[in-house]
>>> print(open('start-v2.cif').read())   # mmCIF, C-alpha atoms
data_structure
loop_
_atom_site.label_atom_id
_atom_site.label_comp_id
_atom_site.auth_asym_id
_atom_site.auth_seq_id
_atom_site.Cartn_x
_atom_site.Cartn_y
_atom_site.Cartn_z
CA MET J 268 37.80 9.60 19.18
CA ILE J 269 40.58 12.24 19.12
CA SER J 270 44.14 11.00 18.52
CA SER J 271 47.45 12.85 18.94
CA LEU J 272 50.37 10.82 17.65
CA GLY J 273 54.08 11.54 17.91
CA GLN J 274 56.11 8.93 16.03
CA PRO J 275 59.06 8.91 13.64
CA SER J 276 56.62 7.87 10.98
CA ILE J 277 52.98 6.86 10.96
CA GLN J 278 51.12 4.49 8.72
CA ILE J 279 47.34 4.36 8.89
CA SER J 280 45.70 1.35 7.34
CA GLY J 281 42.44 -0.49 7.66
CA SER J 282 40.13 -3.02 6.13
CA ASP J 283 37.20 -1.36 4.36
CA VAL J 284 38.04 1.89 6.13
CA VAL J 285 36.54 5.17 5.12
CA LEU J 286 38.56 8.32 5.83
CA ARG J 287 36.77 11.52 5.06
CA GLN J 288 36.33 15.07 6.17
CA ARG J 289 33.12 15.94 7.90
CA HIS J 290 30.22 15.94 5.42
CA ALA J 291 32.61 15.07 2.60
CA THR J 292 32.19 12.32 0.04
CA PRO J 293 33.51 9.00 1.35
CA ILE J 294 36.67 7.48 -0.15
CA LYS J 295 37.97 3.96 0.01
CA GLY J 296 40.34 3.02 2.81
CA ARG J 297 44.04 3.19 2.12
CA SER J 298 47.46 3.66 3.82
CA PHE J 299 49.04 7.05 4.41
CA LEU J 300 52.82 7.37 4.88
CA LEU J 301 54.51 10.67 5.57
CA PRO J 302 57.06 11.14 2.76
CA PHE J 303 59.60 13.16 4.68
CA LEU J 304 60.38 10.40 7.22
CA PRO J 305 62.57 7.32 6.77
CA ARG J 306 60.57 4.36 5.44
CA GLU J 307 62.47 1.76 7.48
CA LYS J 308 61.19 3.36 10.67
CA ALA J 309 57.75 3.75 9.27
CA GLN J 310 56.89 0.13 9.80
CA ARG J 311 57.38 0.38 13.56
CA SER J 312 54.08 2.13 14.18
CA LEU J 313 50.84 0.84 12.73
CA ILE J 314 47.38 2.06 13.58
CA SER J 315 44.74 -0.46 12.54
CA VAL J 316 41.29 1.05 12.24
CA GLN J 317 38.35 -1.32 12.07
CA LYS J 318 35.59 1.30 11.95
CA PRO J 319 35.11 4.17 9.49
CA LEU J 320 36.51 7.54 10.58
CA HIS J 321 35.59 11.16 9.96
CA LEU J 322 38.77 13.27 9.79
CA VAL J 323 38.32 16.54 11.66
CA SER J 324 41.86 17.92 11.27
CA LEU J 325 45.28 16.79 10.14
CA GLY J 326 48.46 18.71 10.92
CA VAL J 327 52.24 18.27 10.86
CA GLY J 328 54.63 20.22 13.11
CA ASN J 329 55.42 20.93 16.76
CA PHE J 330 52.22 20.83 18.84
CA GLY J 331 53.78 20.63 22.28
CA PRO J 332 55.75 18.16 24.36
CA VAL J 333 54.93 14.52 23.79
CA LYS J 334 56.87 11.80 25.53
CA ASN J 335 58.42 9.48 22.99
CA ASP J 336 60.91 6.76 23.92
CA HIS J 337 61.75 6.08 20.31
CA HIS J 338 62.61 9.68 19.51
CA HIS J 339 66.23 10.84 19.89
CA GLY J 340 66.53 14.27 21.36
CA LYS J 341 64.54 16.44 23.68
CA ASP J 342 60.95 15.80 24.41
CA GLY J 343 58.81 17.78 22.17
CA ASP J 344 61.48 18.09 19.46
CA GLY J 345 60.91 16.67 16.04
CA ASP J 346 57.95 16.37 13.84
CA LEU J 347 54.60 15.59 15.35
CA VAL J 348 51.55 14.44 13.45
CA LYS J 349 48.26 15.43 15.07
CA CYS J 350 45.15 13.75 13.71
CA GLY J 351 41.68 14.60 15.02
CA ALA J 352 38.96 12.13 14.09
CA TYR J 353 35.80 10.54 15.32
CA GLU J 354 34.23 7.19 14.58
CA ALA J 355 31.47 7.21 12.03
CA ASP J 356 28.25 5.28 12.37
CA ARG J 357 28.15 2.38 9.91
CA SER J 358 24.59 3.21 8.85
CA GLU J 359 25.82 6.67 7.84
CA ILE J 360 28.32 5.11 5.46
CA GLU J 361 25.79 2.71 4.06
CA SER J 362 23.09 5.34 3.58
CA ALA J 363 24.38 6.17 0.13
CA SER J 364 24.02 2.55 -0.95
CA THR J 365 20.47 2.35 0.42
CA GLN J 366 19.27 5.32 -1.61
CA PRO J 367 18.77 3.30 -4.80
CA SER J 368 16.65 0.81 -2.87
CA GLU J 369 14.46 3.64 -1.55
CA ALA J 370 14.03 4.93 -5.08
CA ALA J 371 13.20 1.42 -6.27
CA LYS J 372 10.59 1.13 -3.51
CA LYS J 373 8.92 4.35 -4.64
CA VAL J 374 8.85 3.11 -8.22
CA LYS J 375 7.35 -0.18 -7.02
CA ILE J 376 4.60 1.62 -5.07
CA GLY J 377 3.90 3.83 -8.09
CA ILE J 378 3.49 0.74 -10.26
CA TYR J 379 1.16 -0.79 -7.66
CA PHE J 380 -1.02 2.33 -7.64
CA ALA J 381 -1.17 2.68 -11.41
CA THR J 382 -2.00 -1.01 -11.82
CA TRP J 383 -4.59 -0.88 -9.04
CA TRP J 384 -6.41 2.08 -10.60
CA ALA J 385 -6.24 0.70 -14.14
CA LEU J 386 -7.57 -2.72 -13.12
CA ASN J 387 -10.36 -1.10 -11.09
CA VAL J 388 -11.45 1.05 -14.01
CA VAL J 389 -11.51 -1.95 -16.36
CA PHE J 390 -13.46 -4.03 -13.83
CA ASN J 391 -16.12 -1.34 -13.34
CA ILE J 392 -16.58 -0.93 -17.08
CA TYR J 393 -17.05 -4.66 -17.77
CA ASN J 394 -19.09 -5.15 -14.62
CA LYS J 395 -21.54 -2.45 -15.70
CA LYS J 396 -21.73 -3.90 -19.22
CA VAL J 397 -22.58 -7.33 -17.80
CA LEU J 398 -25.18 -5.94 -15.41
CA ASN J 399 -26.85 -3.91 -18.17
CA ALA J 400 -27.28 -7.06 -20.28
CA TYR J 401 -27.65 -9.57 -17.45
CA PRO J 402 -29.23 -7.94 -14.34
CA TYR J 403 -28.40 -10.66 -11.85
CA PRO J 404 -26.03 -9.07 -9.33
CA TRP J 405 -26.02 -12.01 -6.93
CA LEU J 406 -24.69 -14.40 -9.58
CA THR J 407 -22.30 -11.77 -10.93
CA SER J 408 -20.88 -11.29 -7.44
CA THR J 409 -20.54 -15.04 -6.99
CA LEU J 410 -18.71 -15.46 -10.29
CA SER J 411 -16.22 -12.73 -9.33
CA LEU J 412 -15.33 -14.51 -6.08
CA ALA J 413 -15.29 -17.94 -7.75
CA CYS J 414 -12.89 -16.80 -10.46
CA GLY J 415 -10.47 -15.31 -7.94
CA SER J 416 -10.63 -18.38 -5.73
CA LEU J 417 -9.94 -20.68 -8.68
CA MET J 418 -7.00 -18.54 -9.85
CA MET J 419 -5.37 -18.68 -6.41
CA LEU J 420 -5.98 -22.42 -5.94
CA ILE J 421 -4.25 -23.06 -9.28
CA SER J 422 -1.38 -20.75 -8.27
CA TRP J 423 -0.90 -22.65 -5.02
CA ALA J 424 -1.15 -26.06 -6.70
CA THR J 425 1.41 -25.17 -9.38
CA ARG J 426 3.63 -23.39 -6.79
CA ILE J 427 3.46 -20.11 -8.70
CA ALA J 428 2.54 -18.63 -5.34
CA GLU J 429 3.43 -20.07 -1.96
CA ALA J 430 0.38 -21.50 -0.21
CA PRO J 431 -0.39 -19.88 3.17
CA LYS J 432 -0.03 -21.85 6.38
CA THR J 433 -3.38 -21.61 8.09
CA ASP J 434 -5.17 -23.30 10.96
CA LEU J 435 -8.69 -23.43 12.35
CA GLU J 436 -8.13 -20.32 14.46
CA PHE J 437 -7.19 -18.37 11.36
CA TRP J 438 -10.43 -19.28 9.59
CA LYS J 439 -12.46 -18.49 12.71
CA SER J 440 -10.88 -15.05 12.86
CA LEU J 441 -11.44 -14.56 9.14
CA PHE J 442 -15.14 -15.52 9.21
CA PRO J 443 -16.61 -12.18 10.41
CA VAL J 444 -14.32 -10.37 7.96
CA ALA J 445 -15.63 -12.57 5.15
CA VAL J 446 -19.26 -11.98 6.14
CA ALA J 447 -18.79 -8.22 6.03
CA HIS J 448 -16.82 -8.48 2.77
CA THR J 449 -19.58 -10.57 1.17
CA ILE J 450 -22.32 -8.12 2.17
CA GLY J 451 -20.30 -5.15 0.95
CA HIS J 452 -19.46 -6.81 -2.36
CA VAL J 453 -23.03 -7.88 -3.14
CA ALA J 454 -24.51 -4.53 -2.04
CA ALA J 455 -22.12 -2.61 -4.30
CA THR J 456 -22.95 -4.87 -7.25
CA VAL J 457 -26.70 -4.47 -6.62
CA SER J 458 -26.17 -0.71 -6.55
CA MET J 459 -24.34 -0.68 -9.88
CA SER J 460 -27.09 -2.80 -11.45
CA LYS J 461 -29.60 -0.04 -10.66
CA VAL J 462 -27.71 3.25 -11.06
CA ALA J 463 -24.73 4.67 -12.93
CA VAL J 464 -21.24 3.57 -11.93
CA SER J 465 -20.31 7.17 -11.20
CA PHE J 466 -23.23 7.61 -8.78
CA THR J 467 -22.37 4.41 -6.89
CA HIS J 468 -18.79 5.55 -6.41
CA ILE J 469 -19.83 9.04 -5.36
CA ILE J 470 -21.93 7.53 -2.57
CA LYS J 471 -19.17 5.07 -1.71
CA SER J 472 -16.77 7.98 -1.25
CA GLY J 473 -18.75 8.64 1.92
CA GLU J 474 -17.27 5.54 3.59
CA PRO J 475 -15.06 7.61 5.96
CA ALA J 476 -18.21 9.13 7.50
CA PHE J 477 -19.49 5.64 8.31
CA SER J 478 -16.10 4.71 9.70
CA VAL J 479 -16.04 7.64 12.13
CA LEU J 480 -19.66 7.22 13.20
CA VAL J 481 -19.33 3.48 13.83
CA SER J 482 -16.04 3.91 15.67
CA ARG J 483 -17.46 6.74 17.79
CA PHE J 484 -20.88 5.41 18.78
CA ILE J 485 -20.29 1.63 18.74
CA LEU J 486 -16.62 1.26 19.63
CA GLY J 487 -16.37 4.39 21.78
CA GLU J 488 -13.34 5.80 19.96
CA THR J 489 -12.73 9.54 19.80
CA PHE J 490 -11.15 11.60 17.02
CA PRO J 491 -9.62 15.07 16.71
CA VAL J 492 -11.94 17.93 15.78
CA PRO J 493 -10.55 18.23 12.21
CA VAL J 494 -11.68 14.64 11.54
CA TYR J 495 -15.26 15.49 12.50
CA LEU J 496 -15.13 18.69 10.44
CA SER J 497 -13.98 16.75 7.37
CA LEU J 498 -17.24 14.78 7.51
CA VAL J 499 -19.24 17.91 6.66
CA PRO J 500 -18.13 18.12 3.00
CA ILE J 501 -18.30 14.32 2.67
CA ILE J 502 -21.91 14.09 3.83
CA GLY J 503 -22.93 17.35 2.15
CA GLY J 504 -21.33 16.40 -1.16
CA CYS J 505 -22.93 12.96 -1.22
CA ALA J 506 -26.33 14.44 -0.37
CA LEU J 507 -26.01 17.06 -3.10
CA ALA J 508 -25.00 14.44 -5.66
CA ALA J 509 -27.90 12.18 -4.63
CA VAL J 510 -30.67 14.77 -4.85
CA THR J 511 -29.44 16.02 -8.23
CA GLU J 512 -28.87 12.56 -9.78
CA LEU J 513 -30.93 12.34 -12.97
CA ASN J 514 -31.36 8.54 -12.78
CA PHE J 515 -31.79 8.22 -9.02
CA ASN J 516 -32.90 4.82 -7.74
CA MET J 517 -33.51 4.07 -4.07
CA ILE J 518 -32.29 0.45 -4.31
CA GLY J 519 -29.09 1.65 -5.96
CA PHE J 520 -28.62 4.35 -3.34
CA MET J 521 -29.24 1.99 -0.41
CA GLY J 522 -26.96 -0.64 -1.95
CA ALA J 523 -24.06 1.82 -1.97
CA MET J 524 -24.84 2.91 1.61
CA ILE J 525 -25.00 -0.68 2.87
CA SER J 526 -21.75 -1.43 1.06
CA ASN J 527 -20.09 1.48 2.91
CA LEU J 528 -21.29 0.21 6.28
CA ALA J 529 -20.28 -3.40 5.54
CA PHE J 530 -16.77 -2.45 4.45
CA VAL J 531 -16.30 -0.37 7.61
CA PHE J 532 -17.11 -3.42 9.72
CA ARG J 533 -14.86 -5.53 7.50
CA ASN J 534 -11.95 -3.24 8.29
CA ILE J 535 -12.75 -3.27 12.01
CA PHE J 536 -13.02 -7.07 12.15
CA SER J 537 -9.85 -7.41 10.09
CA LYS J 538 -7.83 -5.20 12.46
CA ARG J 539 -9.13 -6.94 15.57
CA GLY J 540 -9.16 -10.55 14.46
CA MET J 541 -6.07 -10.72 12.27
CA LYS J 542 -3.51 -9.28 14.69
CA GLY J 543 -0.50 -11.54 14.92
CA LYS J 544 -1.54 -13.64 11.92
CA SER J 545 1.19 -14.42 9.43
CA VAL J 546 -1.05 -14.49 6.34
CA SER J 547 -1.13 -11.16 4.57
CA GLY J 548 -1.29 -9.47 1.19
CA MET J 549 -2.16 -11.64 -1.77
CA ASN J 550 -2.77 -14.82 0.23
CA TYR J 551 -4.91 -13.01 2.77
CA TYR J 552 -7.25 -11.76 0.07
CA ALA J 553 -7.29 -15.20 -1.55
CA CYS J 554 -8.43 -16.82 1.70
CA LEU J 555 -11.00 -14.05 2.13
CA SER J 556 -12.38 -14.72 -1.38
CA ILE J 557 -12.65 -18.47 -0.79
CA LEU J 558 -14.53 -18.05 2.48
CA SER J 559 -16.77 -15.31 1.04
CA LEU J 560 -17.61 -17.59 -1.90
CA ALA J 561 -18.70 -20.34 0.49
CA ILE J 562 -20.91 -17.85 2.35
CA LEU J 563 -22.42 -16.20 -0.73
CA THR J 564 -23.22 -19.20 -2.96
CA PRO J 565 -26.26 -20.57 -1.05
CA PHE J 566 -27.75 -17.06 -0.71
CA ALA J 567 -27.27 -16.37 -4.42
CA ILE J 568 -29.09 -19.60 -5.28
CA ALA J 569 -31.91 -18.75 -2.87
CA VAL J 570 -32.39 -15.15 -4.07
CA GLU J 571 -32.08 -15.63 -7.86
CA GLY J 572 -31.70 -19.33 -8.64
CA PRO J 573 -30.51 -21.39 -11.63
CA GLN J 574 -33.76 -21.01 -13.61
CA MET J 575 -33.55 -17.21 -13.66
CA TRP J 576 -29.85 -17.38 -14.47
CA ALA J 577 -30.37 -19.74 -17.41
CA ALA J 578 -33.18 -17.68 -18.93
CA GLY J 579 -31.25 -14.44 -18.53
CA TRP J 580 -28.11 -16.00 -20.00
CA GLN J 581 -29.91 -16.99 -23.20
CA THR J 582 -31.41 -13.53 -23.52
CA ALA J 583 -28.05 -11.84 -23.05
CA LEU J 584 -26.35 -14.11 -25.60
CA SER J 585 -29.07 -13.46 -28.17
CA GLN J 586 -28.81 -9.68 -27.70
CA ILE J 587 -25.05 -9.24 -27.26
CA GLY J 588 -23.55 -12.29 -28.91
CA PRO J 589 -20.54 -14.41 -27.91
CA GLN J 590 -18.65 -11.35 -26.64
CA PHE J 591 -20.99 -11.38 -23.63
CA ILE J 592 -19.07 -14.42 -22.36
CA TRP J 593 -15.85 -12.37 -22.60
CA TRP J 594 -17.49 -9.58 -20.58
CA VAL J 595 -18.40 -11.98 -17.81
CA ALA J 596 -14.93 -13.51 -17.75
CA ALA J 597 -13.22 -10.11 -17.83
CA GLN J 598 -15.25 -8.62 -15.00
CA SER J 599 -14.58 -11.71 -12.88
CA VAL J 600 -10.83 -11.77 -13.52
CA PHE J 601 -10.31 -8.03 -13.15
CA TYR J 602 -12.31 -7.94 -9.92
CA HIS J 603 -9.89 -10.37 -8.31
CA LEU J 604 -6.80 -8.73 -9.79
CA TYR J 605 -7.58 -5.20 -8.65
CA ASN J 606 -8.40 -6.35 -5.12
CA GLN J 607 -5.28 -8.52 -5.02
CA VAL J 608 -3.05 -5.62 -6.08
CA SER J 609 -4.70 -3.31 -3.53
CA TYR J 610 -3.95 -5.77 -0.71
CA MET J 611 -0.39 -6.20 -1.98
CA SER J 612 0.11 -2.42 -2.01
CA LEU J 613 -1.28 -2.19 1.53
CA ASP J 614 1.69 -4.32 2.62
CA GLU J 615 4.08 -1.72 1.19
CA ILE J 616 2.50 1.58 2.26
CA SER J 617 0.90 3.23 5.25
CA PRO J 618 -2.90 3.23 5.74
CA LEU J 619 -2.89 7.00 5.12
CA THR J 620 -1.21 6.63 1.73
CA PHE J 621 -3.58 3.78 0.90
CA SER J 622 -6.57 5.97 1.81
CA ILE J 623 -5.36 8.77 -0.46
CA GLY J 624 -4.78 6.24 -3.24
CA ASN J 625 -8.30 4.92 -2.77
CA THR J 626 -9.68 8.45 -3.13
CA MET J 627 -7.76 8.98 -6.36
CA LYS J 628 -9.00 5.59 -7.59
CA ARG J 629 -12.61 6.72 -7.19
CA ILE J 630 -11.91 9.86 -9.20
CA SER J 631 -10.46 7.78 -12.05
CA VAL J 632 -13.45 5.41 -11.99
CA ILE J 633 -16.03 8.22 -11.91
CA VAL J 634 -14.44 10.18 -14.75
CA SER J 635 -13.80 7.15 -16.97
CA SER J 636 -17.32 5.74 -16.48
CA ILE J 637 -18.92 9.08 -17.33
CA ILE J 638 -16.89 9.25 -20.54
CA ILE J 639 -17.41 5.63 -21.63
CA PHE J 640 -21.12 5.29 -20.77
CA HIS J 641 -21.97 8.90 -21.72
CA THR J 642 -23.58 9.43 -18.34
CA PRO J 643 -25.50 12.73 -18.25
CA VAL J 644 -24.14 14.91 -15.45
CA GLN J 645 -25.54 18.23 -14.31
CA PRO J 646 -23.07 20.88 -13.06
CA ILE J 647 -24.62 20.80 -9.58
CA ASN J 648 -24.25 17.01 -9.53
CA ALA J 649 -20.58 17.26 -10.50
CA LEU J 650 -20.09 19.88 -7.78
CA GLY J 651 -21.54 17.51 -5.18
CA ALA J 652 -19.19 14.74 -6.31
CA ALA J 653 -16.19 17.08 -6.15
CA ILE J 654 -17.10 18.26 -2.64
CA ALA J 655 -17.54 14.68 -1.38
CA ILE J 656 -14.20 13.57 -2.82
CA LEU J 657 -12.46 16.65 -1.42
CA GLY J 658 -13.93 15.83 1.98
CA THR J 659 -12.56 12.29 1.71
CA PHE J 660 -9.09 13.69 1.01
CA LEU J 661 -9.34 16.11 3.95
CA TYR J 662 -10.43 13.24 6.17
CA SER J 663 -7.37 11.20 5.26
CA GLN J 664 -5.15 14.20 6.04
CA ALA J 665 -6.88 15.02 9.32
CA LYS J 666 -6.61 11.45 10.55
CA GLN J 667 -2.84 11.39 9.99
#
>>> encode(input="start-v2.cif", output="structure tokens")
Amino acid sequence: MISSLGQPSIQISGSDVVLRQRHATPIKGRSFLLPFLPREKAQRSLISVQKPLHLVSLGVGNFGPVKNDHHHGKDGDGDLVKCGAYEADRSEIESASTQPSEAAKKVKIGIYFATWWALNVVFNIYNKKVLNAYPYPWLTSTLSLACGSLMMLISWATRIAEAPKTDLEFWKSLFPVAVAHTIGHVAATVSMSKVAVSFTHIIKSGEPAFSVLVSRFILGETFPVPVYLSLVPIIGGCALAAVTELNFNMIGFMGAMISNLAFVFRNIFSKRGMKGKSVSGMNYYACLSILSLAILTPFAIAVEGPQMWAAGWQTALSQIGPQFIWWVAAQSVFYHLYNQVSYMSLDEISPLTFSIGNTMKRISVIVSSIIIFHTPVQPINALGAAIAILGTFLYSQAKQ
């Protein structure tokens, strides 16, 4: 608003008022009284401003005739105060106070990412150690889900975490997600029991290709041309890494491929079935683990069975010693923790940022596993891995 005021004296006051020049730093509200005018007349005129103002101009002098009943003399004589201002948006004033919260949010996301990657690296290391000494991936997968389910049930019972409010419809919607999650989890564990951790994750970096192909030919979705072009380095890099892998194993390769396909369907079912559901983040993954455990347990017993597990357990203990029990416990705990943190971070960031974070996670796992397990890598094999990972990054950018 623009105000022209002609008064013997003018006092401007307000509650929590901000008076500032355009683009200037805000100052706290206060009263302004012209010093050259009598104070007893100053109290006659009061302008109460309830909203913040930007001052455009402020002048004192003769600016033209202004009718004033309280002024003695001719119209237009005397001192005139002309104040040009416009009302400021409240959010503009508050933006400065919100900046620390934005910075805090970035720090929080950074902590999520760092924790997610670190937990994933630790899980993959202990998981591979367990599978090398105890090659029973179905039981190992079951223990991972059982540990996470137990941890969350205790958290809900002790009120460390608030228990989710679910109904039958929620569990019905979650069932296909849990089936796909179970298949993907077991297939990845079978893969890592047969081949190097680095090779499994190189093949799993090809998941975007499965996502596009399933969405295109089964769901009928279309994508921009750059998305399709980004699949070329993904597929080419994975193929190059596979044919040059020194310890190639078909079961390990197919396990990683099946895991990719299963996780694509898990994401599709999750998006379709969980719309409008209030359960998310940590509790969502907890419910997913509990249902997946119920699905997996009978199949694990049928495929491997208690007799094989008992015999293998004794062999592993005799070869490794009591620390083998720590390996099993660690891989089970860290599996749940890294997945829980990833779901919690997904609540805070966009799917694109999550996808980029997932790509960087694979790089950290591949590099760390090669160093720790002394995995022999040929230059051409490393080139294939780099191309596949680059393609995954380009895919995430093209899909933005």
>>> closest_residue(input="start-v2.cif", among="J:Leu613, J:Met459, J:Val397, J:Val600", to="J:Phe515", atoms="all atoms listed in the file")
J:Met459
>>> resolve_selection(input="start-v2.cif", expression="the PyMOL selection byres ((chain J and resi 381) around 12)", output="list in words")
Val374, Lys375, Ile376, Gly377, Ile378, Tyr379, Phe380, Thr382, Trp383, Trp384, Ala385, Leu386, Asn387, Val388, Tyr605, Val608, Ser609, Ser612, Gly624, Asn625, Met627, Lys628 and Ser631 of chain J
>>> closest_residue(input="start-v2.cif", among="J:Ile392, J:Ala370, J:Ala567, J:Leu412", to="J:His603", atoms="only C-alpha atoms")
J:Leu412
>>> resolve_selection(input="start-v2.cif", expression="the PyMOL selection byres ((chain J and resi 452-458) around 10)", output="ChimeraX atom specification")
/J:391,394-395,398,402-409,411-412,446-451,459-464,466-468,471,516-527,529-530,559,563,567
>>> resolve_selection(input="start-v2.cif", expression="the PyMOL selection byres ((chain J and resi 636-645) around 8)", output="list in words")
Val388, Asn391, Ile392, Ala463, Val464, Ser465, Thr511, Glu512, Leu513, Val632, Ile633, Val634, Ser635, Pro646, Ile647, Asn648 and Ala649 of chain J
>>> atom_distance(input="start-v2.cif", atom1="atom CA of J:Ser482", atom2="atom CA of J:Arg629")
23.3 Å
>>> closest_residue(input="start-v2.cif", among="J:Ser478, J:Gln598, J:Asn606, J:Ser422", to="J:Asn534", atoms="only C-alpha atoms")
J:Ser478
>>> residues_near_point(input="start-v2.cif", point="(-8.2, 11.0, 18.4)", cutoff="12 Å", atoms="only C-alpha atoms", output="NGL selection string")
:J and (479 or 482-483 or 487-495 or 665-667)
>>> closest_residue(input="start-v2.cif", among="J:Leu435, J:Leu420, J:Cys414, J:Ala445", to="J:Leu555", atoms="all atoms listed in the file")
J:Ala445
>>> atom_distance(input="start-v2.cif", atom1="atom CA of J:Thr659", atom2="atom CA of J:Asp614")
21.9 Å
>>> closest_residue(input="start-v2.cif", among="J:Phe484, J:Trp593, J:Phe601, J:Phe660", to="J:Phe621", atoms="all atoms listed in the file")
J:Phe660
>>> atom_distance(input="start-v2.cif", atom1="atom CA of J:Trp438", atom2="atom CA of J:Thr425")
23.1 Å
>>> closest_residue(input="start-v2.cif", among="J:Ala583, J:Ile656, J:Ala430, J:Leu441", to="J:Ala476", atoms="only C-alpha atoms")
J:Ile656
